[in-house]
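Each remark here refers to the structure printed beneath this line.
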Amino acid sequence: MIDDTTRHLLSGWAGIDAAPGSLAGVVVVDVTRVVAGPYCSMILADLGATVIKVENPDDPDYTRTFPPLLPGTDGEPLSGFFAQFNRNKLGVTLNLKSPGAAEVLDRLVRQADVLVENFRPGTMERLGHGYDRLREVNPRLVYAALSGYGQTGPYRLRPAYDNSAQATGGLWSMNGEAGRPPTRVGTIIGDLAASLYGVIGILAALRHAEQTGEGQLVDISQQDSVLTLTENAVVSYTAEGIVPEPLGNEHPFVRPYELFPCKDGFVFFGGYTDKFWRISCETFGSAADWADHPDLQAMATRFDADVYREKVRPLVLGWFADRTKAELEALAGDLVPLSAVKDIGEVVEDPQIAARGMIVETEYPGHGSLRTFGSPVKLDRTPPQTSGAAPARGEHTDRVLADLLGFAPDDVAALRAEGAI
């Protein structure tokens, strides 16, 4: 763990607020690329850790070319995709295959508390930088390995993407319209979930390391992570032998709890409890809707699939058909769970999102400003810092090697000559 003076120095290099965060002083070596890994280390950086992103000088993180691309005055565009997942980090280039890489990485690891990698299992070992060797360099190192299927098991060596995890983790089979082929979740949920579980594992391992001085391997699988997002699917199968199938926008048994059309789009309505159903009848229809349907006043009755489709759903459709999203949200207010289905443009401009500071702006000289999502973690004493920029490729290599790792100028020049940096 670095001292306060070094932390402030590194924060200055990264162009972020040097105010201490919850993880101030924690050093993370990030040798990941794309999303499952960079997002994990980005969260740590937001929380105050010093994250040093290591990229191969000849083969950097290829999301640097992903859209959207902001044109630059120097002719080289900036990837908004890359910037969003790599903010608040220092950028260092290092070819882990080069002869001089071990000395550089070892010096980084000696300074570090955490290393995060997302190579296929066995890759770091083949490069000579596996966990067993690095824990000899630093016994308190928390080594987080994020991969498609984990470090153990028959699938461990299979190449994997997010869709692989959605497919083999069960989520894909459950998603989509009833009676039609399954549909993938419309975001890289496997990458994102693995990153979140990675953060949880790292924080737990850091706590253990602080108490014992002993680091450990944090083994995160995208498939495992997706499986835990399948709600009650596992127990439905193990307890009752039910294999969940796509249900569209319906819930397996809670009703009404789904998407409904309205005059200018769609809303989610979840007024399924007896209390919410009575209020909904009075708010969207009339008191008569409650009084005239005594057979619908019990939640268990409304949950019945036939009753729901024949009586409940038609009633709700009638309530919403001639009203706009805004009108329905205004009527629902704080009374019943109803939410407009908003596109991302509406979400970015949403007053609740603004009130929560969930859209943040970062200035990139030569490219202008970029708005990205903020941090959903709200801490009143050590709030996350989200204003730091993503580094240019190798932006901080020389300064990290010289000022943090103690390499002499001739040593840095020699590393550059051999292609290590």
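Chain labels follow the order of the structure tokens: the first chain is A, the next B, and so on; residue numbering restarts at 1 in every chain, and ligands are counted from 1 in their shown order.
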What's around region 228-244 of chain A at 8 Å? Count only C-alpha atoms, leave out sequence neighbours fewer than 2 positions away in its own chain, and write the answer as a tab-separated table (two decimals) with all heavy atoms, in the first residue's frame.
chain	number	residue	atom	x	y	z
A	170	GLY	N	-27.52	-20.19	-18.34
A	170	GLY	CA	-28.96	-20.40	-18.25
A	170	GLY	C	-29.81	-19.19	-18.55
A	170	GLY	O	-31.02	-19.32	-18.80
A	171	LEU	N	-29.22	-18.01	-18.57
A	171	LEU	CA	-30.02	-16.80	-18.72
A	171	LEU	C	-30.64	-16.69	-20.11
A	171	LEU	O	-31.81	-16.30	-20.26
A	171	LEU	CB	-29.16	-15.57	-18.42
A	171	LEU	CG	-29.88	-14.24	-18.22
A	171	LEU	CD1	-30.85	-14.33	-17.05
A	171	LEU	CD2	-28.87	-13.12	-17.99
A	173	SER	N	-31.62	-18.96	-22.16
A	173	SER	CA	-32.74	-19.88	-22.38
A	173	SER	C	-34.05	-19.36	-21.79
A	173	SER	O	-35.14	-19.77	-22.20
A	173	SER	CB	-32.44	-21.24	-21.77
A	173	SER	OG	-32.50	-21.19	-20.35
A	174	MET	N	-33.95	-18.43	-20.84
A	174	MET	CA	-35.13	-17.92	-20.14
A	174	MET	C	-35.66	-16.62	-20.72
A	174	MET	O	-36.77	-16.20	-20.38
A	174	MET	CB	-34.79	-17.67	-18.67
A	174	MET	CG	-34.32	-18.88	-17.90
A	174	MET	SD	-33.59	-18.40	-16.30
A	174	MET	CE	-34.93	-17.44	-15.59
A	224	ASP	N	-20.50	-18.60	-13.86
A	224	ASP	CA	-20.98	-18.61	-12.48
A	224	ASP	C	-21.80	-17.36	-12.18
A	224	ASP	O	-22.86	-17.42	-11.55
A	224	ASP	CB	-19.82	-18.68	-11.50
A	224	ASP	CG	-19.00	-19.95	-11.59
A	224	ASP	OD1	-19.44	-20.90	-12.26
A	224	ASP	OD2	-17.91	-19.98	-10.98
A	225	SER	N	-21.27	-16.23	-12.61
A	225	SER	CA	-21.90	-14.95	-12.31
A	225	SER	C	-23.28	-14.86	-12.93
A	225	SER	O	-24.24	-14.40	-12.30
A	225	SER	CB	-21.02	-13.80	-12.80
A	225	SER	OG	-19.74	-13.84	-12.18
A	226	VAL	N	-23.39	-15.30	-14.19
A	226	VAL	CA	-24.69	-15.26	-14.87
A	226	VAL	C	-25.68	-16.20	-14.19
A	226	VAL	O	-26.86	-15.86	-14.04
A	226	VAL	CB	-24.52	-15.62	-16.36
A	226	VAL	CG1	-25.87	-15.93	-17.01
A	226	VAL	CG2	-23.86	-14.46	-17.10
A	246	PRO	N	-38.83	-18.92	-21.86
A	246	PRO	CA	-39.11	-17.50	-22.07
A	246	PRO	C	-40.58	-17.16	-21.82
A	246	PRO	O	-41.48	-17.90	-22.24
A	246	PRO	CB	-38.73	-17.28	-23.54
A	246	PRO	CG	-37.72	-18.35	-23.84
A	246	PRO	CD	-38.16	-19.53	-23.03
Q: Can you list, as an NGL selection string, all residues belonging to region 55-192 of chain A that DSSP tags as strand (DSSP E)?
A: :A and (55 or 69-70 or 78-79 or 89-93 or 114-117 or 142-147)
Put those residues in a file: C-alpha atoms, as a PDB file, in the first residue's frame.
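Now in result.pdb:
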ATOM      1  CA  GLU A  55      -1.241  -2.583 -22.004  1.00  0.00           C
ATOM      2  CA  LEU A  69     -15.466   7.775 -31.440  1.00  0.00           C
ATOM      3  CA  LEU A  70     -14.813  11.416 -30.584  1.00  0.00           C
ATOM      4  CA  LEU A  78     -11.021   8.907 -28.597  1.00  0.00           C
ATOM      5  CA  SER A  79     -13.212   5.884 -27.924  1.00  0.00           C
ATOM      6  CA  LYS A  89      -6.451   5.011 -14.267  1.00  0.00           C
ATOM      7  CA  LEU A  90      -2.765   5.503 -14.977  1.00  0.00           C
ATOM      8  CA  GLY A  91      -1.619   4.146 -18.335  1.00  0.00           C
ATOM      9  CA  VAL A  92       1.549   2.061 -18.659  1.00  0.00           C
ATOM     10  CA  THR A  93       2.744  -0.035 -21.596  1.00  0.00           C
ATOM     11  CA  VAL A 114      -4.142  -6.240  -6.071  1.00  0.00           C
ATOM     12  CA  LEU A 115      -3.533  -7.594  -9.558  1.00  0.00           C
ATOM     13  CA  VAL A 116      -6.483  -8.105 -11.898  1.00  0.00           C
ATOM     14  CA  GLU A 117      -6.226 -10.182 -15.083  1.00  0.00           C
ATOM     15  CA  VAL A 142      -4.712 -10.288  -3.944  1.00  0.00           C
ATOM     16  CA  TYR A 143      -4.683 -11.880  -7.395  1.00  0.00           C
ATOM     17  CA  ALA A 144      -8.071 -11.606  -9.143  1.00  0.00           C
ATOM     18  CA  ALA A 145      -8.562 -13.749 -12.235  1.00  0.00           C
ATOM     19  CA  LEU A 146     -11.738 -13.153 -14.259  1.00  0.00           C
ATOM     20  CA  SER A 147     -12.483 -15.631 -17.030  1.00  0.00           C
TER      21      SER A 147
END
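Summary of the local environment: counting only C-alpha atoms, residues at most 12 Å from Asn249 (chain A), other than itself and those fewer than 4 positions away along its chain, are Met174, Asn175, Gly176, Glu177, Ala178, Phe253, Val254, Arg255, Pro256, Tyr257, Glu258, Leu259, Phe260, Pro261, Phe266, Val267, Phe268, Phe269 and Gly270 of chain A.
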Region 300-390 of chain A residues near region 19-24 of chain A within 7 Å, closest pair each, using only C-alpha atoms, as a Markdown table:
| residue | atom | partner | partner_atom | distance |
| --- | --- | --- | --- | --- |
| A:Thr382 | CA | A:Gly21 | CA | 4.9 |
| A:Pro383 | CA | A:Gly21 | CA | 6.6 |
| A:Pro384 | CA | A:Gly21 | CA | 6.5 |
Q.
So that I can check the secondary structure, give me every residue of region 45-181 of chain A assigned helix (DSSP H, G or I) by backbone DSSP, as a ChimeraX atom specification.
A. /A:45-46,62-65,80-85,101-111,123-126,131-137,162-168,171-174
Per residue of region 191-294 of chain A within 6 Å of region 121-141 of chain A, what are the shortest atom pair and its distance in Å to one decimal, counting only C-alpha atoms, with rows by chain and residue number, as a Markdown table?
| residue | atom | partner | partner_atom | distance |
| --- | --- | --- | --- | --- |
| A:Ala209 | CA | A:Arg140 | CA | 5.9 |
| A:Gly213 | CA | A:Arg140 | CA | 5.2 |
| A:Glu214 | CA | A:Arg140 | CA | 4.5 |
| A:Gly215 | CA | A:Arg140 | CA | 3.9 |
Keeping only N, CA, C and O atoms, take the residues you just selected and write them out as a JSON list (two decimals), in the first residue's frame.
[["chain", "number", "residue", "atom", "x", "y", "z"],
["A", 209, "ALA", "N", -6.31, -9.91, 3.87],
["A", 209, "ALA", "CA", -4.89, -9.59, 3.78],
["A", 209, "ALA", "C", -4.48, -8.58, 4.84],
["A", 209, "ALA", "O", -3.38, -8.65, 5.42],
["A", 213, "GLY", "N", -1.94, -10.51, 6.58],
["A", 213, "GLY", "CA", -0.77, -10.35, 5.73],
["A", 213, "GLY", "C", -0.70, -11.36, 4.62],
["A", 213, "GLY", "O", 0.31, -11.46, 3.91],
["A", 214, "GLU", "N", -1.78, -12.10, 4.42],
["A", 214, "GLU", "CA", -1.81, -13.19, 3.43],
["A", 214, "GLU", "C", -2.76, -12.85, 2.29],
["A", 214, "GLU", "O", -3.96, -12.62, 2.51],
["A", 215, "GLY", "N", -2.24, -12.83, 1.08],
["A", 215, "GLY", "CA", -3.09, -12.63, -0.10],
["A", 215, "GLY", "C", -3.74, -13.93, -0.51],
["A", 215, "GLY", "O", -3.55, -14.98, 0.12]]
Q | Spatial neighbours of Glu361 (chain A), max dist 9 Å, only C-alpha atoms, sep filter under 3 positions, as a list in words | A | Ser369, Leu370, Arg371, Thr372, Phe373, Gly374, Thr386 and Ser387 of chain A
Please write the residues from the selection above to a file, keeping C-alpha atoms, as a PDB file, in the first residue's frame.
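Output saved as part02.pdb:
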ATOM      1  CA  SER A 369     -16.184  16.750 -23.035  1.00  0.00           C
ATOM      2  CA  LEU A 370     -17.584  13.260 -22.642  1.00  0.00           C
ATOM      3  CA  ARG A 371     -20.580  12.330 -20.516  1.00  0.00           C
ATOM      4  CA  THR A 372     -20.601   8.821 -19.069  1.00  0.00           C
ATOM      5  CA  PHE A 373     -22.399   7.000 -16.270  1.00  0.00           C
ATOM      6  CA  GLY A 374     -21.424   7.868 -12.727  1.00  0.00           C
ATOM      7  CA  THR A 386     -15.679   9.862 -11.212  1.00  0.00           C
ATOM      8  CA  SER A 387     -14.118  12.849 -12.949  1.00  0.00           C
TER       9      SER A 387
END
Q. Got a sec: who's within 12 Å of Tyr39 (chain A), counting only C-alpha atoms, leaving out chain neighbours fewer than 5 positions off, as a PyMOL selection string?
A. chain A and resi 30+32-34+44-46+51+53+81-89+116-118+146+188-199+373+375
(Q) With distances taken over only C-alpha atoms, which residue among A:Ile279, A:Val28, A:Leu227, A:Ala102 lies nearest Pro337 (chain A)? (A) A:Ile279
Q: Find the residue from A:Pro252, A:Pro409, A:Gly419, A:Gly366 that sits nearest to Asp74 (chain A); use only C-alpha atoms when measuring.
A: A:Gly366
Q. Quick one, how far is CA of Asp304 (chain A) from CA of Gly271 (chain A)?
A. 15.1 Å
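Between CA of Asp219 (chain A) and CA of Arg107 (chain A) the interatomic distance comes to 23.5 Å.
Of note, CA of Thr187 (chain A) and CA of Val35 (chain A) are spaced 11.6 Å apart.
Residues surrounding Lys325 (chain A) within 7 Å are Cys262, Asp264, Gly265, Phe266, Val267, Glu329 and Ala340 of chain A [only C-alpha atoms; sequence separation below 4 positions excluded].
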Q | Shell of 12 Å around Tyr155 (chain A), only C-alpha atoms, local chain residues under 6 positions omitted, as a list in words | A | Arg120, Pro121, Ser147, Gly148, Tyr149, Ser164, Ala165, Thr168, Ser221, Gln222, Gln223 and Asp224 of chain A
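Using only C-alpha atoms, the shortest contact distance between Asp403 (chain A) and any of A:Pro314, A:Leu108, A:Val26, A:Ala101 is found at A:Leu108.
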